[in-house]
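Next comes my_file.txt, a file with compact mmCIF, C-alpha atoms and all ligand atoms.
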```txt
# COMPACT_ATOMS: atom_id res chain seq x y z
CA MET X 2 -31.17 5.23 -10.44
CA THR X 3 -33.89 6.66 -8.16
CA LEU X 4 -33.37 6.87 -4.41
CA GLU X 5 -35.80 3.98 -3.93
CA ALA X 6 -34.02 1.78 -6.47
CA PHE X 7 -30.66 2.69 -4.94
CA THR X 8 -31.90 1.70 -1.48
CA LYS X 9 -33.29 -1.61 -2.73
CA ALA X 10 -30.17 -2.49 -4.74
CA LEU X 11 -27.90 -1.72 -1.79
CA GLU X 12 -30.10 -3.75 0.53
CA GLU X 13 -29.72 -6.72 -1.80
CA GLU X 14 -25.95 -6.52 -1.36
CA PHE X 15 -26.30 -6.89 2.43
CA GLU X 16 -27.23 -10.51 2.03
CA GLU X 17 -28.06 -11.29 5.65
CA ILE X 18 -30.68 -8.54 5.88
CA THR X 19 -34.40 -9.27 5.53
CA PRO X 20 -35.70 -7.53 2.37
CA GLY X 21 -37.73 -4.40 3.14
CA THR X 22 -35.87 -3.62 6.38
CA ILE X 23 -33.98 -0.64 4.98
CA SER X 24 -35.54 2.64 3.89
CA PRO X 25 -33.90 5.80 2.47
CA ASP X 26 -34.01 7.34 5.94
CA SER X 27 -32.39 4.36 7.66
CA ASN X 28 -29.19 5.19 9.48
CA TYR X 29 -27.13 2.47 7.91
CA ARG X 30 -24.70 2.16 10.79
CA GLU X 31 -27.62 1.14 12.99
CA ILE X 32 -28.48 -1.79 10.74
CA GLU X 33 -28.21 -4.99 12.77
CA GLY X 34 -24.77 -6.56 12.46
CA TRP X 35 -23.22 -3.46 10.79
CA SER X 36 -19.45 -3.86 10.48
CA SER X 37 -16.45 -2.50 8.61
CA MET X 38 -17.23 -5.10 5.91
CA HIS X 39 -20.55 -3.36 5.20
CA ALA X 40 -18.75 -0.04 4.75
CA LEU X 41 -16.52 -1.72 2.15
CA ILE X 42 -19.61 -3.11 0.44
CA VAL X 43 -21.12 0.39 0.19
CA ILE X 44 -17.91 1.75 -1.39
CA ALA X 45 -17.65 -1.16 -3.84
CA PHE X 46 -21.37 -0.92 -4.70
CA VAL X 47 -21.02 2.77 -5.62
CA ASP X 48 -17.84 2.06 -7.58
CA ASN X 49 -19.49 -0.72 -9.60
CA HIS X 50 -22.71 1.19 -10.33
CA TYR X 51 -21.39 4.73 -10.83
CA ASP X 52 -17.66 4.38 -11.41
CA ILE X 53 -17.10 6.73 -8.45
CA ILE X 54 -14.65 5.90 -5.69
CA LEU X 55 -15.94 7.16 -2.35
CA SER X 56 -13.33 7.41 0.35
CA ALA X 57 -14.01 5.98 3.77
CA ALA X 58 -13.90 9.61 4.96
CA ASP X 59 -16.73 10.51 2.51
CA LEU X 60 -18.70 7.72 4.06
CA LYS X 61 -18.07 9.03 7.55
CA GLN X 62 -19.89 12.27 6.62
CA THR X 63 -23.11 10.39 5.88
CA SER X 64 -25.64 8.79 8.21
CA THR X 65 -28.58 7.68 6.12
CA ILE X 66 -28.92 5.93 2.77
CA LYS X 67 -30.37 9.21 1.46
CA ASP X 68 -27.21 11.13 2.49
CA LEU X 69 -25.17 8.57 0.64
CA TYR X 70 -27.37 8.82 -2.45
CA ASN X 71 -27.06 12.61 -2.38
CA ILE X 72 -23.24 12.47 -2.27
CA VAL X 73 -23.25 10.09 -5.22
CA GLN X 74 -25.63 12.36 -7.18
CA GLN X 75 -23.36 15.37 -6.51
CA ARG X 76 -20.35 13.47 -7.85
CA VAL X 77 -22.25 12.20 -10.89
CA GLY X 78 -23.66 15.64 -11.65
CA MET A 40 27.48 0.53 12.84
CA ILE A 41 25.63 0.72 9.51
CA ASP A 42 27.66 2.53 6.88
CA LEU A 43 26.27 3.21 3.40
CA LYS A 44 29.00 5.60 2.24
CA GLY A 45 29.96 5.12 -1.41
CA LYS A 46 26.60 3.50 -2.25
CA LYS A 47 23.89 4.89 -4.50
CA ILE A 48 20.38 3.83 -3.59
CA ALA A 49 17.09 4.30 -5.45
CA VAL A 50 13.98 4.71 -3.30
CA THR A 51 10.46 4.41 -4.73
CA GLY A 52 7.56 5.86 -2.76
CA ALA A 53 10.06 8.46 -1.52
CA SER A 54 7.41 11.19 -1.37
CA SER A 55 5.68 9.85 1.71
CA GLY A 56 5.60 7.59 4.76
CA ILE A 57 8.06 4.72 4.91
CA GLY A 58 9.82 5.59 1.62
CA ARG A 59 10.51 9.15 2.77
CA GLU A 60 11.89 7.90 6.10
CA VAL A 61 14.10 5.36 4.31
CA ALA A 62 15.50 8.11 2.06
CA ILE A 63 16.31 10.39 4.99
CA LEU A 64 17.89 7.58 7.01
CA VAL A 65 20.07 6.09 4.27
CA SER A 66 21.29 9.57 3.42
CA LYS A 67 22.29 10.08 7.08
CA LEU A 68 24.20 6.80 6.77
CA GLY A 69 26.12 8.20 3.81
CA ALA A 70 24.38 6.95 0.66
CA ASP A 71 23.64 9.04 -2.42
CA LEU A 72 20.05 8.82 -3.55
CA ILE A 73 17.62 8.63 -6.44
CA LEU A 74 14.12 9.48 -5.23
CA THR A 75 10.98 8.70 -7.15
CA GLY A 76 7.20 9.09 -6.89
CA ARG A 77 4.52 11.08 -8.72
CA ASN A 78 4.18 14.04 -6.39
CA GLN A 79 6.94 16.52 -7.26
CA GLU A 80 6.25 18.82 -4.31
CA ALA A 81 6.32 16.00 -1.80
CA LEU A 82 9.50 14.58 -3.36
CA ASN A 83 11.14 18.00 -3.11
CA GLU A 84 10.14 18.09 0.55
CA THR A 85 11.93 14.75 1.05
CA ALA A 86 14.94 15.96 -0.97
CA SER A 87 15.20 19.05 1.23
CA GLN A 88 15.97 16.73 4.15
CA ILE A 89 18.74 14.86 2.30
CA ALA A 90 22.34 15.79 3.04
CA THR A 91 24.05 13.64 0.37
CA ASN A 92 23.78 13.80 -3.46
CA CYS A 93 20.20 13.34 -4.45
CA GLU A 94 18.33 13.21 -7.74
CA VAL A 95 14.53 13.43 -8.00
CA ILE A 96 12.90 11.62 -10.94
CA LEU A 97 9.11 11.64 -11.40
CA CYS A 98 7.57 8.32 -12.41
CA ASP A 99 4.10 6.84 -12.34
CA LEU A 100 5.02 3.24 -11.58
CA SER A 101 1.65 1.98 -12.77
CA VAL A 102 2.61 2.88 -16.36
CA GLU A 103 5.08 0.52 -18.05
CA GLU A 104 6.59 3.12 -20.42
CA GLU A 105 7.26 5.42 -17.46
CA ILE A 106 9.06 2.58 -15.66
CA GLU A 107 11.17 1.98 -18.76
CA ASN A 108 12.10 5.66 -19.00
CA PHE A 109 12.84 5.87 -15.29
CA ALA A 110 15.07 2.78 -15.45
CA LYS A 111 17.00 4.26 -18.39
CA LYS A 112 17.88 7.28 -16.24
CA ILE A 113 19.44 5.06 -13.57
CA LYS A 114 22.98 4.40 -14.71
CA SER A 115 24.48 2.61 -11.74
CA ILE A 116 23.05 1.73 -8.32
CA ASP A 117 23.99 -0.42 -5.32
CA GLY A 118 20.55 -0.68 -3.79
CA LEU A 119 16.82 -0.35 -4.34
CA ALA A 120 14.22 0.23 -1.63
CA HIS A 121 10.92 -0.36 -3.38
CA CYS A 122 8.42 1.32 -1.04
CA ALA A 123 5.67 2.47 -3.44
CA GLY A 124 2.32 0.84 -2.85
CA ILE A 125 -1.39 1.43 -2.34
CA VAL A 126 -4.06 0.01 -0.06
CA GLN A 127 -7.55 -0.19 -1.52
CA PRO A 128 -9.81 -2.61 0.36
CA PHE A 129 -12.46 -4.17 -1.89
CA PRO A 130 -14.81 -7.10 -1.14
CA ILE A 131 -14.33 -10.09 -3.44
CA LYS A 132 -17.86 -10.20 -4.87
CA PHE A 133 -17.42 -6.75 -6.43
CA ILE A 134 -13.99 -7.33 -8.00
CA LYS A 135 -13.66 -6.73 -11.75
CA SER A 136 -10.47 -6.88 -13.75
CA LYS A 137 -9.99 -3.08 -13.51
CA HIS A 138 -9.73 -3.40 -9.73
CA ILE A 139 -7.19 -6.21 -10.05
CA ASP A 140 -5.20 -4.08 -12.51
CA THR A 141 -5.20 -1.02 -10.29
CA VAL A 142 -3.78 -2.79 -7.25
CA LEU A 143 -1.46 -5.24 -8.98
CA LYS A 144 0.04 -2.70 -11.37
CA ILE A 145 1.52 -0.63 -8.59
CA ASN A 146 1.92 -3.19 -5.80
CA LEU A 147 3.27 -6.11 -7.84
CA TYR A 148 4.00 -5.43 -11.52
CA SER A 149 5.95 -2.22 -10.85
CA GLY A 150 8.55 -4.05 -8.75
CA ILE A 151 8.93 -6.82 -11.31
CA LEU A 152 9.14 -4.47 -14.31
CA LEU A 153 11.50 -2.06 -12.60
CA CYS A 154 13.89 -4.89 -11.71
CA SER A 155 13.75 -6.50 -15.14
CA ASN A 156 14.48 -3.15 -16.82
CA LEU A 157 17.35 -2.37 -14.44
CA LEU A 158 18.84 -5.82 -15.03
CA ARG A 159 18.56 -5.49 -18.83
CA ASN A 160 20.21 -2.07 -18.65
CA LYS A 161 22.96 -3.46 -16.39
CA SER A 162 22.25 -0.72 -13.86
CA PHE A 163 22.78 -2.84 -10.75
CA ASN A 164 26.34 -3.06 -9.49
CA ASN A 165 27.51 -6.47 -8.31
CA GLY A 166 26.57 -6.96 -4.66
CA SER A 167 23.49 -4.72 -4.95
CA SER A 168 20.83 -5.14 -2.28
CA LEU A 169 17.10 -4.87 -2.98
CA VAL A 170 14.40 -4.46 -0.36
CA PHE A 171 10.67 -4.81 -0.99
CA ILE A 172 7.78 -4.09 1.38
CA SER A 173 5.11 -6.71 1.88
CA SER A 174 2.52 -6.67 4.68
CA VAL A 175 1.43 -9.07 7.42
CA SER A 176 -1.90 -9.16 5.57
CA ALA A 177 -0.19 -11.27 2.88
CA ASP A 178 -0.63 -14.17 5.31
CA HIS A 179 -3.25 -12.72 7.64
CA PRO A 180 -5.97 -11.18 5.47
CA TYR A 181 -8.58 -8.73 6.71
CA ASN A 182 -11.97 -8.00 5.15
CA GLY A 183 -11.49 -6.56 1.67
CA SER A 184 -7.76 -7.30 1.51
CA ALA A 185 -7.85 -10.02 -1.18
CA LEU A 186 -6.10 -8.01 -3.91
CA TYR A 187 -3.69 -6.31 -1.53
CA SER A 188 -2.77 -9.63 0.11
CA ILE A 189 -2.25 -11.29 -3.29
CA SER A 190 -0.04 -8.43 -4.46
CA LYS A 191 2.13 -8.55 -1.35
CA LYS A 192 2.46 -12.34 -1.33
CA GLY A 193 3.42 -12.14 -5.01
CA LEU A 194 6.08 -9.58 -4.23
CA GLU A 195 7.59 -11.90 -1.61
CA ALA A 196 7.74 -14.75 -4.14
CA PHE A 197 9.31 -12.42 -6.68
CA ALA A 198 12.00 -11.30 -4.22
CA ARG A 199 12.94 -14.92 -3.55
CA SER A 200 13.18 -15.72 -7.27
CA PHE A 201 15.26 -12.61 -7.84
CA SER A 202 17.66 -13.47 -5.04
CA LEU A 203 18.17 -16.94 -6.51
CA GLU A 204 18.70 -15.82 -10.12
CA GLN A 205 21.00 -12.93 -9.27
CA SER A 206 23.06 -14.60 -6.55
CA ILE A 207 25.72 -15.20 -9.19
CA GLN A 208 26.34 -11.43 -9.09
CA LYS A 209 26.23 -11.52 -5.28
CA MET A 210 23.04 -9.49 -5.45
CA ARG A 211 20.58 -9.88 -2.59
CA ALA A 212 16.82 -9.35 -2.33
CA ASN A 213 14.80 -9.31 0.89
CA VAL A 214 11.36 -8.29 2.06
CA VAL A 215 10.19 -6.51 5.17
CA VAL A 216 6.73 -7.48 6.29
CA PRO A 217 5.21 -4.81 8.52
CA ALA A 218 1.92 -4.68 10.35
CA LEU A 219 0.26 -1.28 10.81
CA VAL A 220 2.65 1.67 10.51
CA ASN A 221 1.79 5.28 11.30
CA THR A 222 1.70 6.81 7.78
CA ASN A 223 -0.94 8.26 5.44
CA ILE A 224 -2.42 4.79 5.20
CA TYR A 225 -3.11 4.76 8.93
CA GLU A 226 -4.31 8.40 8.89
CA LYS A 227 -6.91 7.44 6.28
CA THR A 228 -8.07 4.54 8.44
CA LYS A 229 -8.35 6.82 11.46
CA ALA A 230 -10.39 9.34 9.47
CA ALA A 231 -12.80 6.64 8.41
CA TYR A 232 -13.60 4.86 11.63
CA ASP A 233 -14.79 5.93 15.05
CA GLU A 234 -12.35 6.36 17.90
CA GLU A 235 -13.46 3.20 19.67
CA PHE A 236 -12.65 1.01 16.66
CA ILE A 237 -9.22 2.63 16.32
CA LYS A 238 -8.50 2.10 20.02
CA LYS A 239 -9.41 -1.57 19.60
CA ILE A 240 -6.93 -1.92 16.73
CA GLU A 241 -4.16 -0.17 18.64
CA ALA A 242 -4.79 -2.34 21.71
CA GLN A 243 -3.91 -5.43 19.66
CA TYR A 244 -0.28 -4.24 19.43
CA PRO A 245 1.74 -5.08 22.56
CA LEU A 246 4.46 -2.63 21.44
CA GLY A 247 2.06 -0.15 19.83
CA ILE A 248 1.70 0.41 16.10
CA GLY A 249 4.91 0.98 14.14
CA GLU A 250 6.54 4.25 13.14
CA PRO A 251 8.13 4.69 9.68
CA ILE A 252 11.58 4.82 11.29
CA ASP A 253 11.07 1.31 12.73
CA VAL A 254 10.74 -0.08 9.21
CA ALA A 255 13.39 2.24 7.76
CA ASN A 256 15.96 0.96 10.30
CA MET A 257 15.50 -2.61 9.06
CA ILE A 258 15.61 -1.55 5.41
CA ALA A 259 18.85 0.40 5.95
CA PHE A 260 20.39 -2.67 7.60
CA LEU A 261 19.34 -4.92 4.70
CA LEU A 262 20.78 -2.42 2.20
CA SER A 263 24.12 -2.42 4.01
CA ASN A 264 27.03 -4.85 3.81
CA ASN A 265 26.24 -5.88 7.41
CA ALA A 266 23.46 -7.98 5.87
CA GLN A 267 25.71 -9.53 3.21
CA TRP A 268 24.71 -13.10 4.18
CA ILE A 269 20.96 -12.41 4.24
CA THR A 270 19.01 -12.99 1.05
CA GLY A 271 15.65 -14.31 -0.14
CA THR A 272 14.03 -13.82 3.21
CA SER A 273 10.97 -12.04 4.62
CA ILE A 274 11.30 -10.27 7.94
CA LYS A 275 8.12 -9.70 9.92
CA MET A 276 7.84 -6.49 11.95
CA ASP A 277 4.58 -6.31 13.88
CA GLY A 278 5.14 -4.95 17.39
CA GLY A 279 3.98 -8.31 18.72
CA LEU A 280 0.59 -8.23 16.94
CA LEU A 281 0.67 -11.86 15.86
CA LEU A 282 2.10 -13.35 19.07
CA ASN A 283 -1.29 -14.67 20.09
CA ASN A 284 -2.10 -15.92 16.63
CA ASN A 285 -1.11 -19.50 15.91
CA THR A 286 -1.21 -19.36 12.12
N1 LIG X 301 1.48 1.94 6.54
C1 LIG X 301 1.23 0.68 6.80
O1 LIG X 301 0.51 0.37 7.74
C2 LIG X 301 1.84 -0.42 5.96
C3 LIG X 301 1.82 -1.73 6.45
C4 LIG X 301 2.37 -2.75 5.68
C5 LIG X 301 2.92 -2.47 4.45
N2 LIG X 301 2.92 -1.18 3.99
C6 LIG X 301 3.51 -0.93 2.68
O2 LIG X 301 4.53 0.03 2.82
C7 LIG X 301 4.69 0.74 1.59
C8 LIG X 301 4.74 2.23 1.87
O3 LIG X 301 3.48 2.63 2.37
P1 LIG X 301 3.27 3.90 3.32
O4 LIG X 301 2.56 3.43 4.52
O5 LIG X 301 4.52 4.65 3.44
O6 LIG X 301 2.19 4.67 2.43
P2 LIG X 301 2.13 6.15 1.84
O7 LIG X 301 2.61 7.13 2.85
O8 LIG X 301 0.76 6.28 1.30
O9 LIG X 301 3.18 6.11 0.64
C9 LIG X 301 2.92 5.43 -0.54
C10 LIG X 301 3.96 5.81 -1.57
O10 LIG X 301 3.70 5.08 -2.79
C11 LIG X 301 3.83 5.97 -3.88
N3 LIG X 301 2.96 5.57 -4.99
C12 LIG X 301 1.67 5.17 -4.95
N4 LIG X 301 1.20 4.96 -6.19
C13 LIG X 301 2.22 5.22 -7.04
C14 LIG X 301 2.37 5.19 -8.46
N5 LIG X 301 1.35 4.84 -9.27
N6 LIG X 301 3.57 5.51 -8.99
C15 LIG X 301 4.61 5.87 -8.20
N7 LIG X 301 4.54 5.92 -6.86
C16 LIG X 301 3.36 5.60 -6.29
C17 LIG X 301 3.39 7.32 -3.35
O11 LIG X 301 4.01 8.34 -4.10
P3 LIG X 301 3.22 9.46 -4.98
O12 LIG X 301 1.96 9.76 -4.30
O13 LIG X 301 4.21 10.60 -5.03
O14 LIG X 301 3.06 8.82 -6.30
C18 LIG X 301 3.93 7.30 -1.92
O15 LIG X 301 5.23 7.82 -1.87
C19 LIG X 301 3.54 0.30 0.68
O16 LIG X 301 4.02 -0.67 -0.23
C20 LIG X 301 2.55 -0.33 1.65
O17 LIG X 301 1.79 -1.33 1.03
C21 LIG X 301 2.41 -0.15 4.71
```
Take the structure in this file and express it as structure tokens.
Ligand SMILES: NC(=O)c1ccc[n+]([C@@H]2O[C@H](COP(=O)([O-])OP(=O)(O)OC[C@H]3O[C@@H](n4cnc5c(N)ncnc54)[C@H](OP(=O)(O)O)[C@@H]3O)[C@@H](O)[C@H]2O)c1
Amino acid sequence: MTLEAFTKALEEEFEEITPGTISPDSNYREIEGWSSMHALIVIAFVDNHYDIILSAADLKQTSTIKDLYNIVQQRVG
Amino acid sequence: MIDLKGKKIAVTGASSGIGREVAILVSKLGADLILTGRNQEALNETASQIATNCEVILCDLSVEEEIENFAKKIKSIDGLAHCAGIVQPFPIKFIKSKHIDTVLKINLYSGILLCSNLLRNKSFNNGSSLVFISSVSADHPYNGSALYSISKKGLEAFARSFSLEQSIQKMRANVVVPALVNTNIYEKTKAAYDEEFIKKIEAQYPLGIGEPIDVANMIAFLLSNNAQWITGTSIKMDGGLLLNNNT
């Protein structure tokens, strides 16, 4: 999955967000209404698409969607 | 005074957190022990703090054959503290059967299969006491807790069925139902969230979050003859967390 496709697919999981609001450089914690539930969605999204289980601590090291994508790529590779 | 002298007690999850504290406490109260978990080094660390006779047996409780082999090695016990468990929050819309399997195998099936094997092998002495660990989230879910809450509620139902079926042998089964306890599970939560969020959680506990010894004290009591009239019950331990909650 490309970074752009990853960003779009993740955005679709955040159902209350207007499509097109998030870009690869978005700091996802600054997304309006961000909560611990969204963090769980990110972890579950990565698990379902890549069969990789990110820990909440992995997540804490990332700020943007791109950071997240890069961590996933490292684990896949 | 709680006295466990002359009793042999098996403790699962003895390599860490609540299970380790239970093992150390019941040994201080005189019981001999069988300790199990997957992490040999961590189990040895627990065993090094045990003064009474103590046997360490490795077992992955998510694998049925390993449970069977473990149960065969237990010849005769007077108590079981089943402390093994995992927390893996997962939102419902992403759940697939592999996620259900992962959580239920260790949190629910392992307790059922271990007990059924021990009963078939006649390993429990009459009057044995079993203690399981549920969680307040069985009745008070949080985001992502569906599978964990199901597993813990299931364990409570199992303990009640067990206590009914085995009462003929004067065996007892009870459940402790803790809120947040300061173990690895809490350390992981702290590592994941910012300080402000953690402070908010801690502020919800009038008596502060629990320590492993708080839960271990109750488990030791339930394992002892002092609790001989208590069976089939769930005992909430939450430092006052749910006092303001009407459900
Ligand atoms: N801490 C809390 O806030 C809290 C609150 C309510 C209920 N509880 C419950 O309390 C119990 C103990 O948790 P804890 O806080 O002490 O957590 P912990 O420190 O993470 O300990 C969990 C234990 O479970 C064992 N375990 C996990 N998977 C296993 C497997 N497949 N086979 C065998 N053993 C396995 C681990 O041993 P190995 O790694 O050696 O396998 C470890 O000893 C759990 O059932 C948990 O659900 C905890």
Counting all atoms listed in the file, what is within 10 Å of stretch 102-114 of chain A, bar same-chain residues fewer than 3 positions away, as number ranges by chain? A: 49, 73, 75, 96-99, 144-145, 148-150, 152-164
Protein and nucleic acid residues within 7 Å of ligand LIG 301 (chain X) (all atoms listed in the file) as a PyMOL selection string: chain A and resi 51-58+76-79+81-82+98-101+122-126+145-146+172-175+216-225
Identify every residue of chain A that has at least one atom within 12 Å of any atom of chain X, counting all atoms listed in the file, and report the result as a list in words.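 Matching residues, ligands excluded from the count: Val126, Gln127, Pro128, Phe129, Pro130, Ile131, Lys132, Phe133, Ile134, Lys135, Ser136, Lys137, His138, Tyr181, Asn182, Gly183, Ser184, Ile224, Glu226, Lys227, Thr228, Lys229, Ala230, Ala231, Tyr232, Asp233, Phe236 and Ile237 of chain A.
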Work out how far apart atom CA of A:Arg199 and atom CA of A:Leu147 are and give it in Å to one decimal. 13.8 Å
Enter the distance from atom CA of A:Ala196 to atom CA of A:Ile258, in Å, rounded to one decimal.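 These two atoms are separated by 18.1 Å.
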Could you tell me how far atom CA of A:Leu169 sits from atom CA of A:Arg211, in Å to one decimal place?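 Distance between the two atoms: 6.1 Å.
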With only C-alpha atoms as the counted atoms, please give the residues lying no more than 8 Å from stretch 59-63 of chain A, apart from itself and same-chain residues fewer than 6 positions off, as a list of chain:residue names. A:Val50, A:Gly52, A:Ala53, A:Leu72, A:Leu74, A:Thr85, A:Gln88, A:Ile89, A:Ala120, A:Pro251, A:Ile252, A:Ala255, A:Asn256, A:Ile258, A:Ala259
Using all atoms listed in the file, find the one residue out of A:Gly45, A:Glu80, A:Ser168, A:His179 that sits nearest to A:Asn265. A:Ser168
Would you pick out the contacts of X:Glu12 at 8 Å or less, using all atoms listed in the file, so that residues sharing its chain but fewer than 6 positions from it are not included, and give the list as a PDB file with C-alpha atoms, keeping the file's coordinate frame?
```pdb
ATOM      1  CA  ILE X  18     -30.680  -8.540   5.880  1.00  0.00           C
ATOM      2  CA  PRO X  20     -35.700  -7.530   2.370  1.00  0.00           C
ATOM      3  CA  ILE X  23     -33.980  -0.640   4.980  1.00  0.00           C
TER       4      ILE X  23
END
```
For stretch 57-66 of chain X, what centre and edge lengths in Å (one decimal) does the axis-aligned box get once 8 Å is added on each side of all its listed atoms, as AutoDock Vina command-line options?
```
--center_x -21.4 --center_y 9.1 --center_z 5.4 --size_x 31.0 --size_y 22.3 --size_z 21.7
```
Contacts of X:Thr63 at 10 Å (all atoms listed in the file; same-chain gap of 4+ positions) as a list in words: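 Residues meeting the cut-off are Asn28, Tyr29, Arg30, Ala58, Asp59, Lys67, Asp68, Leu69, Tyr70, Asn71 and Ile72 of chain X.
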Residues as selected, C-alpha atoms, written as an mmCIF file, keeping the file's coordinate frame, can you do that?
```cif
data_model
loop_
_atom_site.group_PDB
_atom_site.id
_atom_site.type_symbol
_atom_site.label_atom_id
_atom_site.label_comp_id
_atom_site.auth_asym_id
_atom_site.auth_seq_id
_atom_site.Cartn_x
_atom_site.Cartn_y
_atom_site.Cartn_z
ATOM 1 C CA ASN X 28 -29.190 5.190 9.480
ATOM 2 C CA TYR X 29 -27.130 2.470 7.910
ATOM 3 C CA ARG X 30 -24.700 2.160 10.790
ATOM 4 C CA ALA X 58 -13.900 9.610 4.960
ATOM 5 C CA ASP X 59 -16.730 10.510 2.510
ATOM 6 C CA LYS X 67 -30.370 9.210 1.460
ATOM 7 C CA ASP X 68 -27.210 11.130 2.490
ATOM 8 C CA LEU X 69 -25.170 8.570 0.640
ATOM 9 C CA TYR X 70 -27.370 8.820 -2.450
ATOM 10 C CA ASN X 71 -27.060 12.610 -2.380
ATOM 11 C CA ILE X 72 -23.240 12.470 -2.270
#
```
